[in-house]
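Comments concern the structure below.
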Amino acid sequence: MPSEKIAILSEIERKLLWLSTWTIHNANHLRGNAEGIKVGGHQASSASLASVMTALYFDALRPEDRVAVKPHAAPVFHAIQYLLGNQTEEKLRNFRGFHGAQSYPSRTKDIDDVDFSTGSVGLGVAQTLFAALTQDYLRAKGRASGQPEGRMVALLGDAEMDEGNIIEALMEGWKHGLRNCWWVVDYNRQSLDAVVREGLWQRFEDLFRGFGWDVVILKYGALQRAAFAEPGGERLRDWIDACPNQLYSALTFQGGAAWRARLMDEIGDQGEVAALLDRRSDAELGALMGNLGGHDLPSLTEAFAAARGHDRPTCFIAYTIKGHGLPLAGHKDNHAGLMTAAQVETLRAEMNVRAGREWAPFEGLGVPEAELRAFLDAVPFAGRGRRRFAAPRVAVPETLDLPAQPVMSTQQGFGLLMNELGKRDDALAAAVVTTSPDVTVSTNLGGWVNRRGLFAREEMADLFRQERIPSTFNWRFAPEGQHMELGIAEMNLFLMLSAMGLSHSLFGERLLPVGTLYDPFIQRGLDALNYACYQDARFILVATPSGITLAPEGGAHQSISTPLIGMAQDGLAAFEPAFCDELAVILRFAFDYVQRDGEAERDPATWLRDASGGSVYLRLSTRPLDQPRRAMTGALRDQIINGGYWLRAPGPKARVILAYQGVVAPEAIEAAGLLAEERTDLGVLAVTSADRLHAGWSAAQRARELGHTGARCHVETLLAEAPRDCAIVTVADGHPAGLAWLGSVHGHRTRALGVEHFGQTGTIADLYRHHGIDAQSIARAAQAISPGAPLRRLRRATEEERAAAS
């Protein structure tokens with residue numbers, strides 16, 4: 001690379017180091033802080049990546065490339081975008097403040113063209129791998145939107161490699177023939193609390209090579225390589241290679257004099273080595289020993305340019321010093337350490353930044369401003385402006401076909417709906433892509449996969465079929481396939497859904513991802529699920545089977561808290577239908593909902609922000625239920641989507657209402673029959689989404705508090721039909737808190753039934769009775785909360801039930 005360009009990059013690197021350091025200093029020491037709590041930031045962690053990010057953003061990257069930035073290097077990222085015109089001084093001044101530049105890069109909260117949100121360490125790294133697989137999926141189907149292939153790049157700290165999801169992702173990448181993925185490891189050998197173990201880089205190298213990656217070691221900078229070529233240089237290199245990580249960090253912090261004393265003591269020979277050291281001042285020796293590959297712009301730019309010549313996944317292990325260029329460099333406590341005011345003033349003097357000009361983009365630089373502006377205007381990465389795409393919405397039919405069967409489970413209904421969708425030859429069927437962590441068949445995706453096939457960039461035959469071994473399923477891999485087969489790792493499932501659910505924004509092509517898994521195992525991937533929702537990825541999550549209704553499999557497979565997860569997770573609309581006609585309505589809504597991107601205005605009928613869309617979670621069951629024979633009217637359809645409807649509307653003298661969600665519908669209906677002889681006006685409320693009912697109620701209350709006196713949500717409208725003095729008994733195959741709040745809507749007395757403890761194996765009847773969600777228990781709860789004449793058909797509780805209750 002021409003020396004003139006390196007000189008400009010060096011000036012930019014200095015400016016990024018200053019701006020990132022000053023941004024954090026301003027937030028912690030200069031901006032008003034009435035609460036007196038440390039704002040935070042990571043000056044040292046930012047400094048270690050300043051050189052790498054300079055080489056990437058101002059030379060190596062192209063507009064089609066996508067980057068996940070190490071969370072603690074967010075200030076450098078914001079500084080880069082500030083120089084490129086995508087970030088404002090106002091937001092830098094308000095770093096980590098309300099509506100300021102975010103602590104960690106955020107697709108939805110930051111204005112500066114973030115590709116992948118980061119923050120939960122490791123997830124942004126793995127996300128780039130799944131984004132690369134998504135890019136391959138689209139290109140295999142001829143859906144590249146005219147864009148060249150981009151590199152999916154992750155900048156990660158060496159300590160992030162401790163995260164297990166990264167190893168899981170590497171395995172998945174190997175299976176699918178990963179391409180066009182770069183991971184740049186900031187190998188500064190320090191974590192938050194410690195210095196990393198010796199020999200870790202060799203483990204990294206072996207790991208990546210084992211999964212088929214190229215590995216590029218950036219250990220020595222140009223100054224060091226030149227010194228190694230001098231007489232005595234080989235001994236210096238041998239000493240550096242053998243130096244323990246802790247000692248290298250400590251000597252870096254102490255500076256040139258300490259380096260000289262240690263080197264003279266250990267390899268000084270009154271000859272070539274001593275002469276090599278003597279030719280350098282203390283400052284020059286300190287610069288030499290700090291000139292690692294990750295801080296050497298010529299080495300970095302050459303390595304990145306070479307890697308652009310092929311599409312193989314590449315791991316760059318860049319040796320760096322945490323805090324490089326700052327007085328914190330090398331100290332083991334520097335991770336969250338903040339420079340003092342005096343140290344910042346010293347840095348200001350070194351950077352030639354005048355007081356009052358701290359935010360000026362070109363202040364103190366040694367290249368004329370006009371030349372720097374011309375260089376920035378020509379930076380390839382920013383050559384096409386902002387890189388967010390949009391894709392047209394895929395038309396969704398008014399109804400989805402569901403073959404009618406008198407008895408079936410919602411899981412079976414889902415399989416039939418997907419099978420019918422697989423028969424279609426339209427844009428909707430073409431946009432759907434499914435994925436599952438090795439439970440494709442047991443979550444009823446088999447029919448869909450038989451029709452649409454499994455995806456691979458190169459065709460692989462189903463050997464069982466070739467050998468004429470009878471099988472229900474045709475497991476043929478081909479580029480036209482529409483199912484991504486994953487191994488048993490729920491984190492990978494959610495990261496795959498996240499990448500595919502951002503395809504419209506990242507690549508300009510819309511996919512409609514549908515992922516299936518066992519409901520209890522959502523908790524294995526909660527961090528990745530939250531991450532996907534945080535960056536507004538759009539997907540449909542189908543979890544089945546669920547609850548203690550998976551009776552024979554025991555407590556390990558019986559989910560309790562997942563309905564609460566569905567309610568609490570932002571960006572995810574959770575549904576739990578009891579009947580398959582409800583499911584058909586909800587799935588049709590889901591395909592439309594995941595494509596919406598309107599303003600977050602409240603629907604006056606529900607006070608939900610449906611125009612802005614989101615992802616969808618369906619909690620299904622394997623329990624076959626008698627299916628209702630009814631016409632699906634527009635009004636009923638709307639109520640199912642909005643979260644609930646009256647299966648039996650209460651009369652004016654109703655003393656109790658039974659509200660159920662999901663698969664316990666038969667028990668609620670049977671309990672209503674037990675109660676009906678004494679309570680003729682009894683109501684039965686079918687809740688299809690406690691999440692949406694509660695979200696609407698919460699929003700409507702807040703709206704009224706802010707002056708919208710007419711705000712009224714769906715659940716308020718429903719429960720207004722019930723007399724104020726009646727009671728509510730709620731029941732669900734999940735934690736009772738999911739429906740317990742219903743009584744607070746209009747002040748009804750409420751008894752919430754559900755599952756609070758791990759289950760055992762047994763029949764559904766055994767477990768429902770044990771946990772108190774069978775028809776008899778529901779009726780007893782109604783009798784207790786709303787006493788009346790004794791119920792003739794209500795049996796006495798058994799000793800086992802009384803023992804379980806105690």
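Chain identifiers are assigned as A, B, and so on, following the order in which chains appear in the structure tokens; residues are numbered from 1 within each chain, and ligands are numbered from 1 in order of appearance.
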
Contacts of segment 562-586 of chain A with segment 642-649 of chain A up to 12 Å, shortest pair per row, only C-alpha atoms, as a Markdown table:
| residue | atom | partner | partner_atom | distance |
| --- | --- | --- | --- | --- |
| A:Met567 | CA | A:Gly643 | CA | 11.9 |
| A:Ala573 | CA | A:Gly643 | CA | 10.2 |
| A:Ala574 | CA | A:Gly643 | CA | 9.4 |
| A:Phe575 | CA | A:Gly643 | CA | 7.7 |
| A:Glu576 | CA | A:Gly643 | CA | 9.3 |
| A:Pro577 | CA | A:Gly643 | CA | 9.5 |
| A:Ala578 | CA | A:Gly644 | CA | 11.2 |
| A:Phe579 | CA | A:Leu647 | CA | 11.9 |
| A:Glu582 | CA | A:Gly644 | CA | 10.3 |
| A:Val585 | CA | A:Asn642 | CA | 11.1 |
| A:Ile586 | CA | A:Asn642 | CA | 9.7 |

| request: For Ala711 of chain A, please output as a ChimeraX atom specification all residues within 9 Å (counting only C-alpha atoms; exclusion window: fewer than 5 positions along the same chain). | output: /A:604-607,699-701,703-704

Residue subset to file, keeping C-alpha atoms, as a PDB file, in the first residue's frame:
ATOM      1  CA  PRO A 604     -57.829   2.134  18.943  1.00  0.00           C
ATOM      2  CA  ALA A 605     -59.680  -1.180  19.261  1.00  0.00           C
ATOM      3  CA  THR A 606     -56.915  -3.043  21.079  1.00  0.00           C
ATOM      4  CA  TRP A 607     -54.239  -0.468  21.969  1.00  0.00           C
ATOM      5  CA  ALA A 699     -51.124   0.352  27.049  1.00  0.00           C
ATOM      6  CA  ALA A 700     -54.728   1.453  27.507  1.00  0.00           C
ATOM      7  CA  GLN A 701     -54.168   2.175  31.197  1.00  0.00           C
ATOM      8  CA  ALA A 703     -53.008   6.108  27.684  1.00  0.00           C
ATOM      9  CA  ARG A 704     -55.802   7.043  30.090  1.00  0.00           C
TER      10      ARG A 704
END

Picked from segment 290-412 of chain A by DSSP as strand (DSSP E or B), as a PDB file with C-alpha atoms, in the first residue's frame:
ATOM      1  CA  LEU A 292       2.128  -5.942  17.476  1.00  0.00           C
ATOM      2  CA  THR A 314     -11.017 -16.632   7.596  1.00  0.00           C
ATOM      3  CA  CYS A 315     -10.015 -16.029  11.188  1.00  0.00           C
ATOM      4  CA  PHE A 316      -7.528 -13.228  11.779  1.00  0.00           C
ATOM      5  CA  ILE A 317      -5.826 -13.540  15.157  1.00  0.00           C
ATOM      6  CA  ALA A 318      -4.618  -9.991  15.705  1.00  0.00           C
ATOM      7  CA  TYR A 319      -2.187  -9.574  18.579  1.00  0.00           C
ATOM      8  CA  VAL A 407     -60.074 -34.750  16.365  1.00  0.00           C
ATOM      9  CA  MET A 408     -56.524 -33.416  16.205  1.00  0.00           C
TER      10      MET A 408
END

In terms of only C-alpha atoms, the residue from A:Gln246, A:Gln127, A:Asn165, A:Gln202 at minimal distance from Val215 of chain A is A:Gln202

Residue with the minimum atom-to-atom distance to Tyr187 of chain A, picked from A:Thr252, A:Thr108, A:Ser48, A:Ser777 with only C-alpha atoms counted, is A:Ser48

Near-segment 295-302 of chain A list (7 Å; only C-alpha atoms; drop same-chain fewer than 6 positions) as an mmCIF file with C-alpha atoms, in the first residue's frame:
data_model
loop_
_atom_site.group_PDB
_atom_site.id
_atom_site.type_symbol
_atom_site.label_atom_id
_atom_site.label_comp_id
_atom_site.auth_asym_id
_atom_site.auth_seq_id
_atom_site.Cartn_x
_atom_site.Cartn_y
_atom_site.Cartn_z
ATOM 1 C CA ILE A 6 -0.845 4.649 5.259
ATOM 2 C CA SER A 51 -6.045 0.078 14.306
ATOM 3 C CA VAL A 52 -8.067 -2.942 13.141
ATOM 4 C CA ALA A 55 -7.933 -0.720 8.373
ATOM 5 C CA ALA A 60 -10.860 -3.169 3.341
ATOM 6 C CA GLY A 221 4.219 -5.314 13.269
ATOM 7 C CA ALA A 222 6.544 -3.765 10.688
ATOM 8 C CA THR A 320 -2.990 -6.325 20.342
#

Spatial neighbours of Leu156 of chain A, max dist 8 Å, only C-alpha atoms, sep filter under 4 positions, as a list in words: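 Contacts, with the query itself left out: Val69, Lys70, Gly122, Val125, Glu160, Trp183, Val184, Val185 and Asp186 of chain A.
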
#### Entry: All residues 7 Å or closer to segment 671-674 of chain A, only C-alpha atoms, same chain fewer than 2 positions away omitted, as a list of chain:residue names
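That gives A:Glu667, A:Ala668, A:Ile669, A:Ala676, A:Glu677, A:Ala775, A:Gln776, A:Ile778, A:Ala779, A:Arg793.
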
Non-local contacts of Gly759 of chain A (8 Å; only C-alpha atoms; under 2 positions in same chain excluded) as an mmCIF file with C-alpha atoms, in the first residue's frame:
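Printed below is around.cif as written:
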data_model
loop_
_atom_site.group_PDB
_atom_site.id
_atom_site.type_symbol
_atom_site.label_atom_id
_atom_site.label_comp_id
_atom_site.auth_asym_id
_atom_site.auth_seq_id
_atom_site.Cartn_x
_atom_site.Cartn_y
_atom_site.Cartn_z
ATOM 1 C CA ILE A 548 -47.195 -31.076 31.570
ATOM 2 C CA GLY A 554 -41.649 -36.292 32.764
ATOM 3 C CA GLY A 555 -40.518 -33.054 34.348
ATOM 4 C CA GLN A 558 -42.458 -30.270 30.699
ATOM 5 C CA HIS A 757 -43.695 -27.350 40.136
ATOM 6 C CA THR A 761 -44.286 -39.036 34.291
ATOM 7 C CA LEU A 767 -50.843 -34.957 36.042
#

Taking 3 positions as the minimum chain separation for residues in the same chain, which residues sit within 8 Å of Val379 of chain A when counting only C-alpha atoms? Answer as a PDB file with C-alpha atoms, in the first residue's frame.
ATOM      1  CA  TYR A  57     -13.708   0.620   7.599  1.00  0.00           C
ATOM      2  CA  PHE A  58     -11.413   2.978   5.708  1.00  0.00           C
ATOM      3  CA  ASP A  59      -9.766   0.478   3.348  1.00  0.00           C
ATOM      4  CA  PHE A 375     -10.184  10.650   1.299  1.00  0.00           C
ATOM      5  CA  LEU A 376     -13.287  10.124   3.445  1.00  0.00           C
ATOM      6  CA  ALA A 382     -19.449   4.339   2.447  1.00  0.00           C
ATOM      7  CA  GLY A 383     -19.598   4.672  -1.332  1.00  0.00           C
TER       8      GLY A 383
END

For Pro666 of chain A, which residue among A:Asp570, A:Asp597, A:Asp162, A:Asp774 is the nearest when counting only C-alpha atoms?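 Distance minimum relative to Pro666 of chain A lands on A:Asp774.
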
Atom-to-atom span, atom CA of Gly85 of chain A and atom CA of Met500 of chain A, Å
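Separation of atom CA of Gly85 of chain A and atom CA of Met500 of chain A: 29.1 Å.
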
Atom CA of Lys141 of chain A to atom CA of Ala390 of chain A, distance in Å rounded to a single decimal
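Here the two named atoms are 18.5 Å from each other.
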
Which of segment 605-740 of chain A DSSP labels alpha helix (DSSP H), written as a PDB file with C-alpha atoms, in the first residue's frame:
ATOM      1  CA  GLY A 634     -64.701 -11.952  10.612  1.00  0.00           C
ATOM      2  CA  ALA A 635     -65.610 -10.923  14.155  1.00  0.00           C
ATOM      3  CA  LEU A 636     -64.420 -14.221  15.627  1.00  0.00           C
ATOM      4  CA  ARG A 637     -61.243 -14.054  13.579  1.00  0.00           C
ATOM      5  CA  ASP A 638     -60.461 -10.598  14.929  1.00  0.00           C
ATOM      6  CA  GLN A 639     -61.067 -11.663  18.499  1.00  0.00           C
ATOM      7  CA  ILE A 640     -58.812 -14.715  18.148  1.00  0.00           C
ATOM      8  CA  ILE A 641     -56.021 -12.475  16.872  1.00  0.00           C
ATOM      9  CA  ASN A 642     -56.641  -9.852  19.535  1.00  0.00           C
ATOM     10  CA  ALA A 665     -59.965 -26.215  26.970  1.00  0.00           C
ATOM     11  CA  PRO A 666     -61.729 -29.608  27.521  1.00  0.00           C
ATOM     12  CA  GLU A 667     -61.223 -29.350  31.289  1.00  0.00           C
ATOM     13  CA  ALA A 668     -62.614 -25.817  31.372  1.00  0.00           C
ATOM     14  CA  ILE A 669     -65.593 -26.864  29.262  1.00  0.00           C
ATOM     15  CA  GLU A 670     -66.216 -29.937  31.409  1.00  0.00           C
ATOM     16  CA  ALA A 671     -65.955 -27.834  34.571  1.00  0.00           C
ATOM     17  CA  ALA A 672     -68.483 -25.420  33.119  1.00  0.00           C
ATOM     18  CA  GLY A 673     -70.825 -28.372  32.660  1.00  0.00           C
ATOM     19  CA  LEU A 674     -70.361 -29.401  36.299  1.00  0.00           C
ATOM     20  CA  LEU A 675     -71.134 -25.875  37.428  1.00  0.00           C
ATOM     21  CA  ALA A 676     -73.952 -25.093  35.028  1.00  0.00           C
ATOM     22  CA  ALA A 690     -52.530 -13.659  27.284  1.00  0.00           C
ATOM     23  CA  ASP A 691     -49.583 -11.695  25.920  1.00  0.00           C
ATOM     24  CA  ARG A 692     -51.661  -9.526  23.595  1.00  0.00           C
ATOM     25  CA  LEU A 693     -54.509  -9.106  26.061  1.00  0.00           C
ATOM     26  CA  HIS A 694     -52.098  -7.913  28.743  1.00  0.00           C
ATOM     27  CA  ALA A 695     -50.120  -5.680  26.364  1.00  0.00           C
ATOM     28  CA  GLY A 696     -53.304  -3.954  25.225  1.00  0.00           C
ATOM     29  CA  TRP A 697     -54.534  -3.529  28.790  1.00  0.00           C
ATOM     30  CA  SER A 698     -51.239  -2.085  29.978  1.00  0.00           C
ATOM     31  CA  ALA A 699     -51.124   0.352  27.049  1.00  0.00           C
ATOM     32  CA  ALA A 700     -54.728   1.453  27.507  1.00  0.00           C
ATOM     33  CA  GLN A 701     -54.168   2.175  31.197  1.00  0.00           C
ATOM     34  CA  ARG A 702     -51.111   4.282  30.429  1.00  0.00           C
ATOM     35  CA  ALA A 703     -53.008   6.108  27.684  1.00  0.00           C
ATOM     36  CA  ARG A 704     -55.802   7.043  30.090  1.00  0.00           C
ATOM     37  CA  GLU A 705     -53.247   8.268  32.605  1.00  0.00           C
ATOM     38  CA  HIS A 714     -59.924  -5.751  23.969  1.00  0.00           C
ATOM     39  CA  VAL A 715     -59.838  -7.465  27.355  1.00  0.00           C
ATOM     40  CA  GLU A 716     -61.665  -4.536  28.962  1.00  0.00           C
ATOM     41  CA  THR A 717     -64.376  -4.838  26.332  1.00  0.00           C
ATOM     42  CA  LEU A 718     -64.646  -8.597  26.870  1.00  0.00           C
ATOM     43  CA  LEU A 719     -64.814  -8.502  30.663  1.00  0.00           C
ATOM     44  CA  ALA A 737     -49.383 -15.931  36.869  1.00  0.00           C
ATOM     45  CA  GLY A 738     -49.917 -15.838  33.105  1.00  0.00           C
ATOM     46  CA  LEU A 739     -53.676 -15.303  33.585  1.00  0.00           C
ATOM     47  CA  ALA A 740     -53.877 -14.232  37.249  1.00  0.00           C
TER      48      ALA A 740
END

Atomic separation - atom CA of Leu326 of chain A relative to atom CA of Met339 of chain A, Å: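 Distance reported for this atom pair: 8.5 Å.
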
**Message:** Which residue is closest to Asp65 of chain A? Choose from A:Glu553, A:Asp681, A:Asp115, A:Glu485 and count only C-alpha atoms.
**Reply:**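 For Asp65 of chain A, the nearest of the candidates is A:Asp115.
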